[in-house]
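What follows is the content of work.cif (mmCIF, C-alpha atoms).
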data_upload
#
loop_
_atom_site.label_atom_id
_atom_site.label_comp_id
_atom_site.auth_asym_id
_atom_site.auth_seq_id
_atom_site.Cartn_x
_atom_site.Cartn_y
_atom_site.Cartn_z
CA MET A 1 20.14 -61.77 -14.64
CA GLN A 2 21.98 -60.50 -17.70
CA PHE A 3 25.78 -60.59 -17.88
CA CYS A 4 28.42 -58.90 -20.06
CA LYS A 5 31.36 -61.24 -20.68
CA LYS A 6 33.55 -58.45 -22.02
CA CYS A 7 33.18 -56.13 -19.02
CA GLY A 8 32.58 -58.88 -16.47
CA VAL A 9 29.60 -57.17 -14.90
CA SER A 10 26.03 -58.19 -14.14
CA VAL A 11 23.28 -55.94 -15.46
CA ASN A 12 19.89 -55.56 -13.78
CA GLY A 13 16.68 -55.03 -15.71
CA GLY A 14 16.03 -55.74 -19.37
CA LYS A 15 18.77 -53.91 -21.26
CA LYS A 16 19.31 -54.61 -24.94
CA CYS A 17 23.08 -54.15 -24.66
CA CYS A 18 25.77 -53.50 -22.06
CA PRO A 19 25.59 -49.90 -20.79
CA LEU A 20 29.43 -49.79 -20.63
CA CYS A 21 30.66 -51.26 -23.89
CA GLN A 22 27.40 -51.56 -25.82
CA GLY A 23 28.21 -55.24 -26.31
CA ARG A 24 25.86 -58.19 -26.36
CA LEU A 25 24.46 -59.46 -23.06
CA SER A 26 23.93 -63.08 -22.06
CA GLY A 27 21.43 -64.50 -19.60
CA GLU A 28 17.75 -63.82 -18.98
CA ALA A 29 16.34 -60.31 -18.83
CA GLU A 30 14.56 -59.37 -15.62
CA PRO A 31 12.61 -56.12 -16.25
CA GLU A 32 11.04 -56.26 -12.80
CA LYS A 33 14.48 -55.63 -11.26
CA GLU A 34 15.09 -52.46 -13.27
CA ARG A 35 16.91 -50.05 -10.99
CA TYR A 36 15.60 -46.99 -12.78
CA PRO A 37 12.05 -47.86 -13.84
CA GLN A 38 10.40 -45.78 -16.52
CA ILE A 39 8.05 -43.13 -15.16
CA PRO A 40 4.66 -43.43 -16.86
CA MET A 41 3.63 -40.35 -18.80
CA PRO A 42 0.40 -38.63 -17.72
CA LYS A 43 -2.66 -39.53 -19.75
CA TYR A 44 -3.28 -35.90 -20.70
CA SER A 45 -0.48 -33.36 -21.12
CA ARG A 46 -0.71 -29.78 -19.87
CA ASN A 47 -0.74 -28.57 -23.46
CA PHE A 48 -3.78 -30.74 -24.25
CA ILE A 49 -5.63 -29.60 -21.12
CA MET A 50 -5.00 -25.93 -21.96
CA LYS A 51 -6.27 -26.48 -25.51
CA PHE A 52 -9.34 -28.28 -24.17
CA VAL A 53 -10.12 -25.49 -21.70
CA THR A 54 -9.66 -22.87 -24.42
CA PHE A 55 -12.01 -24.76 -26.75
CA ALA A 56 -14.56 -25.15 -23.94
CA ALA A 57 -14.53 -21.38 -23.31
CA ILE A 58 -14.96 -20.65 -27.03
CA PHE A 59 -17.73 -23.27 -27.28
CA ILE A 60 -19.67 -21.76 -24.35
CA SER A 61 -19.31 -18.24 -25.77
CA VAL A 62 -20.37 -19.18 -29.31
CA VAL A 63 -23.30 -21.37 -28.27
CA SER A 64 -24.50 -18.76 -25.75
CA TYR A 65 -24.42 -16.02 -28.38
CA ALA A 66 -26.25 -18.18 -30.92
CA VAL A 67 -29.00 -19.11 -28.44
CA ASN A 68 -29.22 -15.51 -27.23
CA LEU A 69 -29.57 -14.22 -30.79
CA VAL A 70 -32.39 -16.62 -31.61
CA VAL A 71 -34.32 -16.89 -28.33
CA THR A 72 -33.88 -13.58 -26.45
CA PRO A 73 -32.32 -10.98 -28.79
CA ASP A 74 -33.41 -8.08 -26.56
CA PHE A 75 -31.37 -9.19 -23.55
CA LYS A 76 -27.64 -9.76 -24.14
CA TRP A 77 -27.10 -12.40 -21.47
CA SER A 78 -24.57 -14.13 -23.72
CA VAL A 79 -22.05 -11.42 -22.79
CA ILE A 80 -22.32 -12.50 -19.16
CA ALA A 81 -21.82 -16.14 -20.12
CA ALA A 82 -18.82 -15.28 -22.31
CA LEU A 83 -17.15 -13.23 -19.55
CA ALA A 84 -17.81 -16.00 -17.02
CA ALA A 85 -16.19 -18.48 -19.41
CA LEU A 86 -13.27 -16.07 -19.83
CA CYS A 87 -12.81 -15.87 -16.04
CA ALA A 88 -12.83 -19.65 -15.76
CA TRP A 89 -10.42 -19.95 -18.69
CA ALA A 90 -7.98 -17.42 -17.22
CA ALA A 91 -8.03 -19.05 -13.78
CA THR A 92 -7.52 -22.53 -15.24
CA VAL A 93 -4.75 -21.56 -17.65
CA VAL A 94 -2.80 -19.66 -15.00
CA GLY A 95 -3.27 -22.51 -12.54
CA ILE A 96 -1.91 -25.01 -15.05
CA ALA A 97 0.97 -22.80 -16.20
CA TYR A 98 2.19 -22.05 -12.66
CA HIS A 99 1.04 -25.20 -10.85
CA ARG A 100 4.52 -25.64 -9.37
CA ARG A 101 4.79 -21.97 -8.29
CA ILE A 102 1.61 -21.35 -6.37
CA ILE A 103 2.62 -17.88 -5.11
CA LYS A 104 3.19 -16.63 -8.65
CA SER A 105 -0.05 -18.30 -9.70
CA ILE A 106 -2.02 -16.37 -7.05
CA MET A 107 -0.63 -13.04 -8.27
CA TRP A 108 -1.40 -13.73 -11.92
CA GLU A 109 -4.87 -15.01 -11.07
CA LEU A 110 -5.51 -11.71 -9.30
CA LEU A 111 -4.18 -9.56 -12.15
CA LEU A 112 -6.19 -11.44 -14.76
CA ILE A 113 -9.53 -12.02 -13.06
CA THR A 114 -10.14 -8.56 -11.57
CA PRO A 115 -10.07 -6.67 -14.92
CA ILE A 116 -12.37 -9.30 -16.42
CA THR A 117 -14.90 -8.77 -13.61
CA VAL A 118 -14.77 -5.02 -14.24
CA LEU A 119 -15.58 -5.64 -17.92
CA TRP A 120 -18.34 -7.98 -16.79
CA ASP A 121 -19.77 -5.23 -14.56
CA ILE A 122 -19.57 -2.62 -17.32
CA ASN A 123 -21.38 -4.86 -19.80
CA THR A 124 -24.20 -5.58 -17.33
CA GLY A 125 -25.05 -1.97 -16.52
CA TRP A 126 -22.14 -0.86 -14.30
CA HIS A 127 -23.53 -1.58 -10.84
CA LYS A 128 -19.99 -1.21 -9.40
CA TRP A 129 -20.02 -4.59 -7.64
CA SER A 130 -16.68 -5.36 -9.30
CA VAL A 131 -14.86 -2.40 -7.69
CA ASP A 132 -16.94 -2.25 -4.50
CA PHE A 133 -16.54 -5.90 -3.52
CA VAL A 134 -14.70 -8.18 -5.99
CA LEU A 135 -11.52 -6.11 -6.41
CA PRO A 136 -10.82 -5.41 -2.71
CA CYS A 137 -11.91 -8.88 -1.57
CA LEU A 138 -9.73 -10.66 -4.12
CA CYS A 139 -6.75 -8.42 -3.33
CA GLY A 140 -7.10 -9.04 0.38
CA ALA A 141 -7.58 -12.76 -0.12
CA ALA A 142 -4.46 -12.92 -2.33
CA ILE A 143 -2.33 -11.14 0.28
CA ILE A 144 -3.57 -13.37 3.11
CA ALA A 145 -3.19 -16.54 1.01
CA THR A 146 0.38 -15.61 0.06
CA ALA A 147 1.30 -14.90 3.69
CA VAL A 148 -0.26 -18.13 4.99
CA ILE A 149 1.22 -20.35 2.27
CA THR A 150 4.73 -18.92 2.69
CA ALA A 151 4.51 -19.40 6.47
CA VAL A 152 3.24 -22.96 6.22
CA MET A 153 5.60 -24.02 3.41
CA LYS A 154 8.51 -22.03 4.91
CA TYR A 155 9.49 -20.48 1.61
CA PRO A 156 12.64 -18.32 1.59
CA PRO A 157 12.00 -14.56 1.16
CA ARG A 158 13.18 -14.51 -2.45
CA GLU A 159 10.39 -16.95 -3.36
CA TYR A 160 7.52 -14.69 -2.34
CA MET A 161 8.71 -11.18 -1.48
CA MET A 162 8.23 -9.52 -4.88
CA TYR A 163 4.86 -11.18 -5.43
CA LEU A 164 3.60 -10.14 -2.00
CA CYS A 165 4.72 -6.55 -2.63
CA ALA A 166 3.04 -6.53 -6.06
CA GLU A 167 -0.22 -7.79 -4.52
CA ALA A 168 0.03 -5.21 -1.74
CA VAL A 169 0.57 -2.32 -4.17
CA TYR A 170 -2.36 -3.55 -6.26
CA GLY A 171 -4.42 -3.74 -3.06
CA ILE A 172 -4.15 0.05 -2.62
CA VAL A 173 -6.07 0.59 -5.88
CA PRO A 174 -9.53 0.05 -4.23
CA PHE A 175 -8.81 2.85 -1.74
CA VAL A 176 -7.69 5.16 -4.54
CA LEU A 177 -10.92 4.39 -6.42
CA TYR A 178 -12.89 5.17 -3.26
CA MET A 179 -11.12 8.49 -2.78
CA LEU A 180 -11.90 9.37 -6.40
CA GLY A 181 -15.56 8.60 -5.82
CA ILE A 182 -15.66 5.65 -8.22
CA THR A 183 -16.54 3.13 -5.54
CA THR A 184 -19.40 3.70 -3.13
CA VAL A 185 -18.80 1.06 -0.42
CA ALA A 186 -15.97 2.04 1.90
CA LEU A 187 -15.43 -0.95 4.20
CA PRO A 188 -13.94 -3.54 1.75
CA SER A 189 -11.63 -0.95 0.16
CA VAL A 190 -10.41 0.42 3.51
CA ILE A 191 -9.73 -3.06 4.95
CA CYS A 192 -7.92 -4.17 1.80
CA SER A 193 -5.78 -1.03 1.64
CA ALA A 194 -4.92 -1.24 5.36
CA LEU A 195 -3.84 -4.84 4.85
CA SER A 196 -1.74 -3.76 1.86
CA VAL A 197 0.01 -0.99 3.80
CA LEU A 198 0.73 -3.35 6.70
CA SER A 199 2.17 -5.94 4.30
CA ILE A 200 4.47 -3.42 2.62
CA SER A 201 5.56 -2.08 6.03
CA ALA A 202 6.34 -5.59 7.28
CA VAL A 203 8.45 -6.34 4.21
CA ILE A 204 10.42 -3.09 4.54
CA LEU A 205 10.95 -3.35 8.32
CA PHE A 206 11.65 -7.06 8.71
CA MET A 207 13.09 -7.98 5.32
CA GLY A 208 14.61 -4.71 4.15
CA LYS A 209 17.99 -6.11 3.15
CA ASN A 210 16.47 -9.07 1.40
CA ALA A 211 14.02 -6.77 -0.38
CA GLY A 212 16.82 -4.55 -1.66
CA SER A 213 18.92 -7.44 -2.91
CA GLU A 214 15.86 -9.05 -4.54
CA VAL A 215 14.99 -5.84 -6.39
CA LYS A 216 18.57 -5.58 -7.66
CA ARG A 217 18.48 -9.21 -8.78
CA LYS A 218 15.11 -8.92 -10.50
CA PHE A 219 15.94 -5.72 -12.36
CA HIS A 220 19.67 -6.44 -12.85
CA LEU A 221 20.72 -3.27 -11.04
#
Hey, can you dump this file as structure tokens for me?
Amino acid sequence: MQFCKKCGVSVNGGKKCCPLCQGRLSGEAEPEKERYPQIPMPKYSRNFIMKFVTFAAIFISVVSYAVNLVVTPDFKWSVIAALAALCAWAATVVGIAYHRRIIKSIMWELLLITPITVLWDINTGWHKWSVDFVLPCLCGAAIIATAVITAVMKYPPREYMMYLCAEAVYGIVPFVLYMLGITTVALPSVICSALSVLSISAVILFMGKNAGSEVKRKFHL
């Protein structure tokens, strides 16, 4: 064990000098007894992973377009591959960015992926599968996932209330599209919108005071 003669204290670990007076230590260093061991850094940082995922999406898009242009120029399947890569990129980047705030991550995943699927549908002939099925199903899944996670993890209302309300408002969009005649399949849109209305009603009825204070805090009212 190391010892500081000036301060009269013993020092654990393998310090180069006394942590009190910065003086010279005597005795043998014992790194294995370090009270505050160094935490090893991860092999790959989040910044590196995000760059790698971005490069992978660009690589898939460029290679797909090149192969498409040479092999099958009449059928633009490379657009489908590029949009699929974009979906995967968006989901991965949001997941990495908000890996410690899963509720926020779910909301951003929803807001990013659904417009990309609509673009995907438009570029493949507009068969309306994106608004008939993907949009309402993802909205409903996001609302249910948020409710289940908050119940299991016992998050306080301020941690999830605004995100749940945002997902619920977004979940009414499929019903609006159905009423406008844009979507042709009623069941997914109706179920999703009913779930959205029930979620908003539950927040207002059971967490009204918390909702009001959270809105004031968020918007600095």
**Study point:** Contacts of A:Ala194 within 12 Å, all atoms listed in the file, excl. fewer than 2 positions in-chain, as a PyMOL selection string
**Key:** chain A and resi 136+139-140+143+168-169+171-175+187-192+196-201
- Would you kindly return, as a PyMOL selection string, each protein, DNA or RNA residue with an atom no farther than 9 Å from any atom of A:Asp132, considering only C-alpha atoms and excluding same-chain residues fewer than 2 positions away? chain A and resi 128-130+134-137+174+178+182-189
Atom CA of A:Asp74 to atom CA of A:Val131 measures 27.1 Å
Using only C-alpha atoms, the best pick from A:Leu195, A:Thr117, A:Met207, A:Gly13 as closest to A:Ile144 would be A:Leu195
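Residues lying within 12 Å of (24.0, -62.4, -18.4). Counted over all atoms listed in the file, they are Met1, Gln2, Phe3, Cys4, Lys5, Lys6, Cys7, Gly8, Val9, Ser10, Val11, Asn12, Gly13, Gly14, Lys15, Lys16, Cys17, Cys18, Gly23, Arg24, Leu25, Ser26, Gly27, Glu28, Ala29 and Glu30 of chain A.
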For the selection you just gave me, I'd like the residues written to a file as a compact mmCIF listing (two decimals), in the frame of the given file, keeping C-alpha atoms.
# COMPACT_ATOMS: atom_id res chain seq x y z
CA MET A 1 20.14 -61.77 -14.64
CA GLN A 2 21.98 -60.50 -17.70
CA PHE A 3 25.78 -60.59 -17.88
CA CYS A 4 28.42 -58.90 -20.06
CA LYS A 5 31.36 -61.24 -20.68
CA LYS A 6 33.55 -58.45 -22.02
CA CYS A 7 33.18 -56.13 -19.02
CA GLY A 8 32.58 -58.88 -16.47
CA VAL A 9 29.60 -57.17 -14.90
CA SER A 10 26.03 -58.19 -14.14
CA VAL A 11 23.28 -55.94 -15.46
CA ASN A 12 19.89 -55.56 -13.78
CA GLY A 13 16.68 -55.03 -15.71
CA GLY A 14 16.03 -55.74 -19.37
CA LYS A 15 18.77 -53.91 -21.26
CA LYS A 16 19.31 -54.61 -24.94
CA CYS A 17 23.08 -54.15 -24.66
CA CYS A 18 25.77 -53.50 -22.06
CA GLY A 23 28.21 -55.24 -26.31
CA ARG A 24 25.86 -58.19 -26.36
CA LEU A 25 24.46 -59.46 -23.06
CA SER A 26 23.93 -63.08 -22.06
CA GLY A 27 21.43 -64.50 -19.60
CA GLU A 28 17.75 -63.82 -18.98
CA ALA A 29 16.34 -60.31 -18.83
CA GLU A 30 14.56 -59.37 -15.62
What separates atom CA of A:Trp126 and atom CA of A:Leu138 is a distance of 18.8 Å
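Closest to A:Gly208 among A:Leu86, A:Ala56, A:Met161, A:Leu180 is A:Met161, based on only C-alpha atoms.
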* To do: Quick one: pull the distance between atom CA of A:Ala57 and atom CA of A:Trp89, Å, one decimal.
  =>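 Atom CA of A:Ala57 sits 6.3 Å away from atom CA of A:Trp89.
Nearest residue to A:Thr92, choosing from A:Phe206, A:Tyr160, A:Phe52, A:Phe75 and counting only C-alpha atoms: A:Phe52.
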